[in-house]
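Notes to accompany the following structure.
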Amino acid sequence: GKKGFIFDLDGVIVDTAGFHYLAWRNLANELGFEFTEEQNELFKGVSRVRSLEILLEIGGVKATEEQKEGWLVSKNEEYLSYIAKMTENDILPGVLKVLTYLKEKNIPMALGSASKNAQPILKRVGLFDLFDCIVDGNHVEKAKPDPEVFTLGAEELEVEYTDAIVFEDSIAGIQAANRVDMVSVGIGDAKVLHEADYNFNDFTEIDTAFLDQLINA
Ligand code: G16
Ligand code: MG
């Protein structure tokens, strides 16, 4: 059937993990403990609320719901201040070429992200109009590895799950795609993302022959 492409945001289209890291680290420091970049790996593709829970576990901090609510707000405000400075230069290498190739071929494209900030980020980097639909943290109940964010995207694009091709940088995201038999393309370390159907270090390694192969499969 007709194919549809679904892209994760953070770690696939833009590298906002560094901004999330700065904001979480500053919160950790305020609460009196360290938070390393290595620990930040655990936060990739994970929702904001769950990320705070993991952070507090790392620091051994007990908190009231009210405190947690306040920290989620201040962390996000700091994160948004970094987002505000993003430009098209923050699009990861090779991404624009792939997206414009698919657009020229009229291939339906969706965004499938855990982030509640997906829309402003896409607008900042000038990619908002390329997507036929955006499914993000504001639309789903269940986080990856639950496939909800991708199944909603496929439904909105009107393609069968097995005709959806998902680009992901997190293990949870690859598992989510695999769970409903979508084609999974891992972006990043192939050792980490070994469950993916295909692996690339980044989008500069993806050529039009590979895209045509997916489209015509
Ligand atoms: C992204 C990041 C996660 C972040 C999540 C929620 O997911 O990878 O680290 O916690 O979004 O972000 P926000 O606080 O903006 O709602 P994805 O799915 O785009 O990789
Ligand atoms: Mg990601």
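Ordering of the structure tokens sets the chain letters (A, B, ...), residue numbers begin anew at 1 in every chain, and ligands are numbered from 1 in the order given.
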Item to complete: Write down as a list of chain:residue names the residues belonging to stretch 9-202 of chain A that are assigned strand (DSSP E or B) by DSSP computed on the backbone.
Response: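 Selecting the strand (DSSP E or B) positions of stretch 9-202 of chain A gives A:Asp10, A:Val14, A:Ile91, A:Met109, A:Ala110, A:Leu111, A:Gly112, A:Cys133, A:Ile134, A:Val135, A:Ala164, A:Ile165, A:Val166, A:Phe167, A:Glu168, A:Val183, A:Ser184, A:Val185, A:Gly186, A:Ile187, A:Tyr198, A:Asn199, A:Phe200.
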Worksheet item: Can I get the residues close to ligand 1 as an NGL selection string, where close means within 8 Å and we count only C-alpha atoms and all ligand atoms?
Response: :A and (8-12 or 16-17 or 20 or 43-51 or 76 or 79 or 112-118 or 136-137 or 144 or 168-170 or 173)
Discussion item. Taking 6 positions as the minimum chain separation for residues in the same chain, which residues sit within 12 Å of A:Ile91 when counting only C-alpha atoms? Answer as a VMD selection string.
Written reply: chain A and resid 9 to 16 97 to 99 121 to 127 202 to 203
Practice prompt. Just the residues within 12 Å of A:Lys105, please, counting only C-alpha atoms, with nothing from its chain fewer than 4 positions along; format it as a PyMOL selection string.
Written response: chain A and resi 3-5+98-101+109+208+211-212+215-216
Worksheet item: Mind pulling up the distance from atom CA of A:Asp197 to atom CA of A:Thr162?
Response: 12.7 Å
Practice prompt. Would you list the contacts of A:Gly32 as a list in words, taking every protein, DNA or RNA residue within 12 Å and counting only C-alpha atoms, but skipping same-chain residues closer than 5 positions in sequence?
Written response: Arg25, Asn26, Leu27, Leu55, Leu56, Ile58, Gly59, Gly60 and Val61 of chain A
Practice prompt. Please identify all polymer residues within 10 Å of A:Glu156, counting only C-alpha atoms, omitting same-chain residues fewer than 3 positions from it, and present them as JSON, numbers by chain.
Written response: {"A": [108, 109, 110, 132, 133, 134, 135, 150, 151, 152, 153, 159]}
Discussion item. Could you go through stretch 52-150 of chain A and tell me which residues DSSP, when run on the backbone, assigns to helix (DSSP H, G or I), listing them as a ChimeraX atom specification?
Written reply: /A:52-59,65-83,88-90,95-104,118-125,128-130,148-150
Practice prompt. Work out how far atom CA of A:Gly186 is from atom CA of A:Ile206, in Å to one decimal.
Written response: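 Separation of atom CA of A:Ile206 and atom CA of A:Gly186: 11.4 Å.
Among the candidate residues A:Ala176, A:Leu214, A:Ile171, A:Val149, the one lying nearest to ligand 2 is A:Ile171, with distances computed using only C-alpha atoms and all ligand atoms.
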Practice prompt. Rank A:Leu111, A:Val73, A:Leu130, A:Leu193 by their smallest atom-to-atom distance to A:Ile165, using only C-alpha atoms, and report the top residue only.
Written response: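 Closest residue, counting only C-alpha atoms: A:Leu111.
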